[in-house]
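What follows is a set of notes on a single structure, which appears directly below.
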Amino acid sequence: MKIDIHCHTKKIRSGEPESRAATKEVFSKSIQDAEVDIVAITNHDVFDKNQYDEFIEYVGSNFQIWPGIELDTSHNGNNFHLILVGDPDDVDMFDEKVKQLTNGKSGDFTIELDNIISHFSGENILYIPHFGSKRPAISEDNLAYLKEVLDEKSSRVIVEDTNIRSAGILTSHGFNAITGSDVRDWDNYSSCEVSSLRLPIDTFKQFCLFLDRDKSTIETMLNKTPRYEYKGRPKEDDPSITIPVKLYNEVNILFGDKGLGKTNILKSVRAEAEAGGKIVSTYIASEKDDYFNELLDISDMKRTASKLSMDACEEELACVKQWSDKTPTSLQIYTDHAKSVETRKAKNKIQLSETEPLDNYDSRKLKKAINDRDKYKEYAQSIKQIAARYVSDHELTSFEGAIDGLYDKITEKVRNELILKYMTDLYNHAIRFINNKVSEKTDTAPKPDSPGFTQYARNKLELKQSLDKITDFLKMKDEKHAESFRIGELGDKGDLYIQKEWSMFDDTGRDKYKGSPVKIKELKNAREALNNMKDGVFSDGIEDALDKCKASLDQINSLDVFVGLRKYPTLNDDGEGYSPSNGEKAIIAIQRALDHDADFYVLDEPELSLGGEYIDNVIREKISKLGRAKKTVFIATHNANIAVRTLPYTSIYRKYDKGEYKTYVGNPFTNKLLNINDDNDTLSWREESMRTLEGGEAAFKNRGEIYESGK
């Protein structure tokens, strides 16, 4: 939940812009549009209770409003701004105390820090000084002094820095740190940075107890989020060894030295979550190459000539494989018939014996009509359903009528072709039967049906046409079809895409035919045999070429097998191949894991191969966002930005101590880690995090130097 602990609603000082003032309507809308849940009104020098009450009444229960004030403060020569925030349940007390302290003054005046502390002594007040790069800032000495004087209530001191990143760095150093809007123009309120609380806060008092790290309060707040228990198995070869792993629907961290079974724990919890029906997205840093190689796997691509706008030539290949030469009618048969014609005339009174048969029916016409009918049946219903989503009922009725009418015409064509086929077959059969019977009775040679040259030539031409079509497609070696999809972002370089490519067979790129049912050598042989066959269709040696061609096509029934498949990375979808580095592969793999829509996210060392800035600015933010969405995120890490700055609901710490494996559980809110087998064995969450993560305390000191330099 978002909290704005430093918000102005009035122009008080001469240097303040008019745009800092807000009506109740603007205030309410702006806060709700920015999805802020708690806001403290902290105008300079005054607390306007009338405005506060007006805003409270108007806002209702949409969000919490806390009373506050911003004062110019000094101590030991250090001038700084100090924000005071009170309990809305004691707003009358806060109003009275502020009036007494300021004595009605506003503008150019400063109040000594000791006076403020003594004036609010015993009251439930938050002290929020500007700090770091938030000017004018309290010095480190005065900050220490403020905490020392407040003593047991020193937890009520929260430093304010200029942005969320700086506040986060301070938090990792053990400060209570926050960022407020310090709004100057309410038209731009949505662009102001404000902090987010990792735990849901219901009241001001609960927030104070949270700052005090009150265990029961924190447990109550944590338990508002669902939690599930799993069995972690640190040893892969001994599943009997288990540890309880309680995970919230939030960010959960597993850390510790190397070699303590963290990866095995992650994998065993993942398996149990999946068995329980959870959709789990996984990233294991050591397997990043496997993730990337999966993106290049071509098993989801169909090897089809249609992608190249080509016909698969199934009918043409079948023609070649089934083809046999036809021989014209022998002249001897005509000679024998001519010699017996006089005898035949004398004995044959049936003139039908001299009737010529019809040309044989061209079966390709029937086959084409039947194929059209089958395609209609396959697609018509889908087309009607698509039309129903886009046109009116009247238009749909007309459209369906036209579609159904098309089917009637196709069916009529099939029927007419069938009639013609069977009529031709029956007629020719009858003529041949009569002719043969007459010849049998008269003991004469029958007249041949035809010279056979038409069938001979048609047969040759059909083969030639089939071979022409097939080989013309096979010549198109440069023909390619590409489709691409975005897989992630590589910062300033742009977006990385995977390009799918379909290409016609050539003599390069063996990888394009991995998984193909036909080997490249066999494809080459088939292509050569088809070309030779085409050149020899009208030659005397056709039988030899035909035998070789049929043998080479034994496993080939379609041009689909000649299509090569390839996937490769491209940058910004420019079509040029790009070879990502190991770090870039890691970026893509973890992006895809975190962007996947799942219930449960398992991440093992997501920081490996990635730069610190990318981890902090991108990965950590994605992880935190998943936590806010109440997804279960379980991470094994050695990185402080991830383990500390995500403020996990659960931290599981694995330790090997004096020959014994120990497991501790805690969180940053209590700053404790408790041994799951010994309630008396407690560690500091902060100290163990500092010692174990990113090489120890030095890493955090480096952060401090960066912070202090204002970088």
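Each chain in the structure tokens gets a letter, A, B, ..., in the order shown, and its residues are numbered from 1; ligands are numbered from 1 in order too.
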
Report as a VMD selection string: the residues of stretch 328-553 of chain A with a DSSP assignment of alpha helix (DSSP H), based on the backbone of this structure. chain A and resid 331 to 339 341 to 347 363 to 388 393 to 442 453 to 474 520 to 535 542 to 552

Exercise: A:His81 partners within 10 Å, only C-alpha atoms, chain neighbours under 4 positions left out, as a list of chain:residue names: A:His44, A:Glu70, A:Leu71, A:Asp72, A:Thr73, A:Ser74, A:Thr110, A:Ile128, A:Pro129, A:His130, A:Phe131, A:Lys134, A:Arg135, A:Pro136, A:Ala137, A:Ile138

Just C-alpha atoms for this one: save the residues we selected as an mmCIF file, in the first residue's frame.
```cif
data_model
loop_
_atom_site.group_PDB
_atom_site.id
_atom_site.type_symbol
_atom_site.label_atom_id
_atom_site.label_comp_id
_atom_site.auth_asym_id
_atom_site.auth_seq_id
_atom_site.Cartn_x
_atom_site.Cartn_y
_atom_site.Cartn_z
ATOM 1 C CA HIS A 44 4.506 24.549 6.462
ATOM 2 C CA GLU A 70 6.413 20.799 8.549
ATOM 3 C CA LEU A 71 8.685 23.037 10.640
ATOM 4 C CA ASP A 72 12.016 24.802 10.223
ATOM 5 C CA THR A 73 14.159 23.311 12.975
ATOM 6 C CA SER A 74 17.692 23.819 14.252
ATOM 7 C CA THR A 110 12.809 28.402 13.356
ATOM 8 C CA ILE A 128 10.393 12.817 10.048
ATOM 9 C CA PRO A 129 13.473 14.968 9.313
ATOM 10 C CA HIS A 130 14.806 15.642 5.822
ATOM 11 C CA PHE A 131 17.955 13.579 5.325
ATOM 12 C CA LYS A 134 16.593 16.043 0.783
ATOM 13 C CA ARG A 135 17.452 19.650 1.694
ATOM 14 C CA PRO A 136 17.642 21.228 4.205
ATOM 15 C CA ALA A 137 18.751 17.988 5.872
ATOM 16 C CA ILE A 138 19.441 16.943 9.423
#
```

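The two atoms in question, atom CA of A:Asp681 and atom CA of A:Leu260, are spaced 19.1 Å apart.
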
Which residues are close to stretch 153-169 of chain A, i.e. within 7 Å by only C-alpha atoms, leaving aside same-chain residues fewer than 5 positions away? Reply as a PyMOL selection string. chain A and resi 126-134+147-148+176-179+193-195+208+211-212+645+707

Taking C-alpha atoms for each residue, export the selection above as a short mmCIF file (atom, residue, chain, number, x, y, z; two decimals), in the first residue's frame.
```cif
data_model
loop_
_atom_site.label_atom_id
_atom_site.label_comp_id
_atom_site.auth_asym_id
_atom_site.auth_seq_id
_atom_site.Cartn_x
_atom_site.Cartn_y
_atom_site.Cartn_z
CA LEU A 126 6.24 10.54 14.24
CA TYR A 127 9.42 12.60 13.73
CA ILE A 128 10.39 12.82 10.05
CA PRO A 129 13.47 14.97 9.31
CA HIS A 130 14.81 15.64 5.82
CA PHE A 131 17.95 13.58 5.32
CA GLY A 132 20.66 12.90 2.76
CA SER A 133 19.96 14.76 -0.47
CA LYS A 134 16.59 16.04 0.78
CA LYS A 147 17.00 9.12 18.51
CA GLU A 148 18.96 9.20 21.77
CA ASN A 176 13.48 3.80 8.88
CA ALA A 177 13.32 5.70 5.59
CA ILE A 178 10.50 7.01 3.45
CA THR A 179 9.73 9.28 0.49
CA GLU A 193 7.25 9.51 -5.96
CA VAL A 194 5.84 8.12 -2.72
CA SER A 195 6.86 5.08 -0.70
CA CYS A 208 3.77 2.85 15.23
CA LEU A 211 7.99 0.73 13.56
CA ASP A 212 8.58 -0.67 17.06
CA ARG A 645 15.32 -4.40 -0.71
CA TYR A 707 24.41 7.42 -1.74
#
```

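In this structure, atom CA of A:Ile65 sits 6.0 Å away from atom CA of A:Ile38.
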
Stretch 301-308 of chain A surroundings by only C-alpha atoms, 7 Å radius, close-in-sequence under 3 positions cut, as a list in words: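 Non-adjacent residues within range: Ile298, Asp311, Ala312, Glu479, Lys480, His481, Trp502, Leu559, Asp560, Val561, Val563 and Leu565 of chain A.
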
Nearest residue to A:Ala457 from the set A:Glu489, A:Asp325, A:Asp597, A:Asp182 (distances using only C-alpha atoms): A:Asp325

Could you give me, as JSON lines, every stretch 469-496 of chain A residue with an atom at most 12 Å from stretch 521-540 of chain A, plus its closest atom pair and distance in Å to one decimal, counting only C-alpha atoms, rows ordered by chain then number?
```
{"residue": "A:Lys469", "atom": "CA", "partner": "A:Lys534", "partner_atom": "CA", "distance": 10.2}
{"residue": "A:Ile470", "atom": "CA", "partner": "A:Leu530", "partner_atom": "CA", "distance": 8.1}
{"residue": "A:Thr471", "atom": "CA", "partner": "A:Asn531", "partner_atom": "CA", "distance": 6.5}
{"residue": "A:Asp472", "atom": "CA", "partner": "A:Asn531", "partner_atom": "CA", "distance": 9.7}
{"residue": "A:Phe473", "atom": "CA", "partner": "A:Arg527", "partner_atom": "CA", "distance": 10.6}
{"residue": "A:Leu474", "atom": "CA", "partner": "A:Arg527", "partner_atom": "CA", "distance": 7.4}
{"residue": "A:Lys475", "atom": "CA", "partner": "A:Arg527", "partner_atom": "CA", "distance": 9.4}
```

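Between atom CA of A:Ile69 and atom CA of A:Thr670 the interatomic distance comes to 29.3 Å.
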
Between A:Asp506, A:Glu96, A:Asp657, A:Glu112, single out the one closest to A:Asp48, counting only C-alpha atoms. A:Glu96

Taking 2 positions as the minimum chain separation for residues in the same chain, which residues sit within 10 Å of A:Pro517 when counting only C-alpha atoms? Answer as a ChimeraX atom specification. /A:513-515,519-520,555-556,561

Taking N, CA and C atoms for each residue, export the selection above as a PDB file, in the first residue's frame.
```
ATOM      1  N   TYR A 513      16.914 -29.124 -41.249  1.00  0.00           N
ATOM      2  CA  TYR A 513      16.196 -30.380 -41.500  1.00  0.00           C
ATOM      3  C   TYR A 513      16.315 -31.351 -40.328  1.00  0.00           C
ATOM      4  N   LYS A 514      16.642 -30.791 -39.138  1.00  0.00           N
ATOM      5  CA  LYS A 514      16.635 -31.627 -37.943  1.00  0.00           C
ATOM      6  C   LYS A 514      15.211 -32.093 -37.678  1.00  0.00           C
ATOM      7  N   GLY A 515      15.068 -33.375 -37.425  1.00  0.00           N
ATOM      8  CA  GLY A 515      13.735 -33.914 -37.166  1.00  0.00           C
ATOM      9  C   GLY A 515      12.940 -34.214 -38.409  1.00  0.00           C
ATOM     10  N   LYS A 519      16.170 -37.645 -44.951  1.00  0.00           N
ATOM     11  CA  LYS A 519      17.515 -37.108 -44.807  1.00  0.00           C
ATOM     12  C   LYS A 519      17.864 -36.191 -45.977  1.00  0.00           C
ATOM     13  N   ILE A 520      18.814 -35.283 -45.724  1.00  0.00           N
ATOM     14  CA  ILE A 520      19.216 -34.324 -46.757  1.00  0.00           C
ATOM     15  C   ILE A 520      19.747 -35.031 -47.998  1.00  0.00           C
ATOM     16  N   GLN A 555      10.087 -42.288 -49.870  1.00  0.00           N
ATOM     17  CA  GLN A 555       9.574 -41.698 -48.627  1.00  0.00           C
ATOM     18  C   GLN A 555       9.009 -40.294 -48.843  1.00  0.00           C
ATOM     19  N   ILE A 556       8.873 -39.888 -50.087  1.00  0.00           N
ATOM     20  CA  ILE A 556       8.460 -38.513 -50.377  1.00  0.00           C
ATOM     21  C   ILE A 556       7.110 -38.516 -51.078  1.00  0.00           C
ATOM     22  N   VAL A 561       8.418 -31.893 -47.344  1.00  0.00           N
ATOM     23  CA  VAL A 561       9.671 -32.385 -46.757  1.00  0.00           C
ATOM     24  C   VAL A 561      10.883 -31.619 -47.289  1.00  0.00           C
TER      25      VAL A 561
END
```

What are the DSSP strand (DSSP E) residues of stretch 355-600 of chain A, as a ChimeraX atom specification? /A:480-489,495-504,563-571,600

Could the residues in this selection be saved with C-alpha atoms as a CSV table (one decimal), in the first residue's frame?
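Result saved to result_32.csv:
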```
chain,number,residue,atom,x,y,z
A,480,LYS,CA,11.7,-17.7,-47.9
A,481,HIS,CA,8.8,-16.8,-45.5
A,482,ALA,CA,9.5,-15.2,-42.1
A,483,GLU,CA,7.4,-14.6,-39.0
A,484,SER,CA,8.8,-13.1,-35.7
A,485,PHE,CA,7.8,-12.7,-32.1
A,486,ARG,CA,9.2,-10.5,-29.4
A,487,ILE,CA,10.9,-12.3,-26.5
A,488,GLY,CA,12.2,-9.5,-24.4
A,489,GLU,CA,14.0,-6.2,-24.0
A,495,ASP,CA,14.0,-5.5,-28.3
A,496,LEU,CA,15.1,-9.1,-29.0
A,497,TYR,CA,12.9,-11.1,-31.4
A,498,ILE,CA,12.9,-14.7,-32.5
A,499,GLN,CA,12.5,-15.1,-36.2
A,500,LYS,CA,10.8,-18.2,-37.7
A,501,GLU,CA,12.0,-18.9,-41.2
A,502,TRP,CA,10.6,-21.3,-43.8
A,503,SER,CA,12.8,-21.8,-46.9
A,504,MET,CA,13.0,-24.0,-50.0
A,563,VAL,CA,11.0,-27.1,-46.7
A,564,GLY,CA,13.7,-26.1,-44.3
A,565,LEU,CA,12.9,-24.7,-40.8
A,566,ARG,CA,14.9,-22.3,-38.8
A,567,LYS,CA,14.7,-20.0,-35.8
A,568,TYR,CA,17.2,-17.4,-34.9
A,569,PRO,CA,17.4,-14.2,-32.7
A,570,THR,CA,17.2,-10.8,-34.3
A,571,LEU,CA,17.6,-7.4,-32.7
A,600,PHE,CA,3.9,-19.4,-8.2
```

I need the residue nearest A:Gly276 from this list: A:Asp599, A:Glu412, A:Asp141, A:Asp679. Use only C-alpha atoms for the distance.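 Closest candidate: A:Asp599.
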
May I ask which of the residues A:Gly77, A:Lys49, A:Gly174, A:Ile201 is the closest one to A:Gln64, counting only C-alpha atoms? A:Ile201

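Shortest atom-to-atom contact with A:Ser684 among A:Ser392, A:Ser651, A:Asn428, A:Thr225: A:Ser651, counting only C-alpha atoms.
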
Which of these residues is nearest to A:Asn124, using only C-alpha atoms: A:Asp151, A:Glu400, A:Glu229, A:Asp89?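 Looking only at the distances to A:Asn124, the closest residue turns out to be A:Asp89.
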
Please provide the set of residues having any atom within 10 Å of stretch 616-624 of chain A, restricted to only C-alpha atoms, with same-chain residues fewer than 3 positions apart removed, written as an MDAnalysis selection string. chainID A and resid 165 198 250:251 587 590:591 594:595 601 603 606:607 610:613 627:631 633:635 639:643 645:648

Show which residues sit within 10 Å of A:Asp187, as a ChimeraX atom specification. Count only C-alpha atoms, and ignore same-chain residues fewer than 3 positions away. /A:19-20,22,26,30,183-184,190-191

Store the residues picked out above, limited to N, CA and C atoms, as an mmCIF file, in the first residue's frame.
```cif
data_model
loop_
_atom_site.group_PDB
_atom_site.id
_atom_site.type_symbol
_atom_site.label_atom_id
_atom_site.label_comp_id
_atom_site.auth_asym_id
_atom_site.auth_seq_id
_atom_site.Cartn_x
_atom_site.Cartn_y
_atom_site.Cartn_z
ATOM 1 N N SER A 19 -0.081 26.727 -6.946
ATOM 2 C CA SER A 19 -0.528 25.378 -7.333
ATOM 3 C C SER A 19 -0.387 24.355 -6.217
ATOM 4 N N ARG A 20 0.250 24.751 -5.111
ATOM 5 C CA ARG A 20 0.382 23.837 -3.971
ATOM 6 C C ARG A 20 -0.939 23.728 -3.205
ATOM 7 N N ALA A 22 -4.892 23.029 -2.584
ATOM 8 C CA ALA A 22 -5.809 22.042 -3.165
ATOM 9 C C ALA A 22 -7.182 22.151 -2.532
ATOM 10 N N VAL A 26 -10.138 18.239 -5.579
ATOM 11 C CA VAL A 26 -8.859 17.945 -6.244
ATOM 12 C C VAL A 26 -8.029 17.001 -5.392
ATOM 13 N N SER A 30 -7.064 13.283 -6.760
ATOM 14 C CA SER A 30 -5.640 13.062 -7.046
ATOM 15 C C SER A 30 -5.080 11.909 -6.226
ATOM 16 N N VAL A 183 4.347 17.681 -2.682
ATOM 17 C CA VAL A 183 3.712 18.150 -3.908
ATOM 18 C C VAL A 183 3.743 19.671 -4.024
ATOM 19 N N ARG A 184 4.061 20.157 -5.220
ATOM 20 C CA ARG A 184 4.082 21.588 -5.502
ATOM 21 C C ARG A 184 3.000 21.975 -6.502
ATOM 22 N N SER A 190 0.284 12.836 -9.731
ATOM 23 C CA SER A 190 0.480 11.427 -10.102
ATOM 24 C C SER A 190 1.927 11.110 -10.463
ATOM 25 N N SER A 191 2.713 12.134 -10.820
ATOM 26 C CA SER A 191 4.116 11.901 -11.178
ATOM 27 C C SER A 191 5.046 11.964 -9.970
#
```
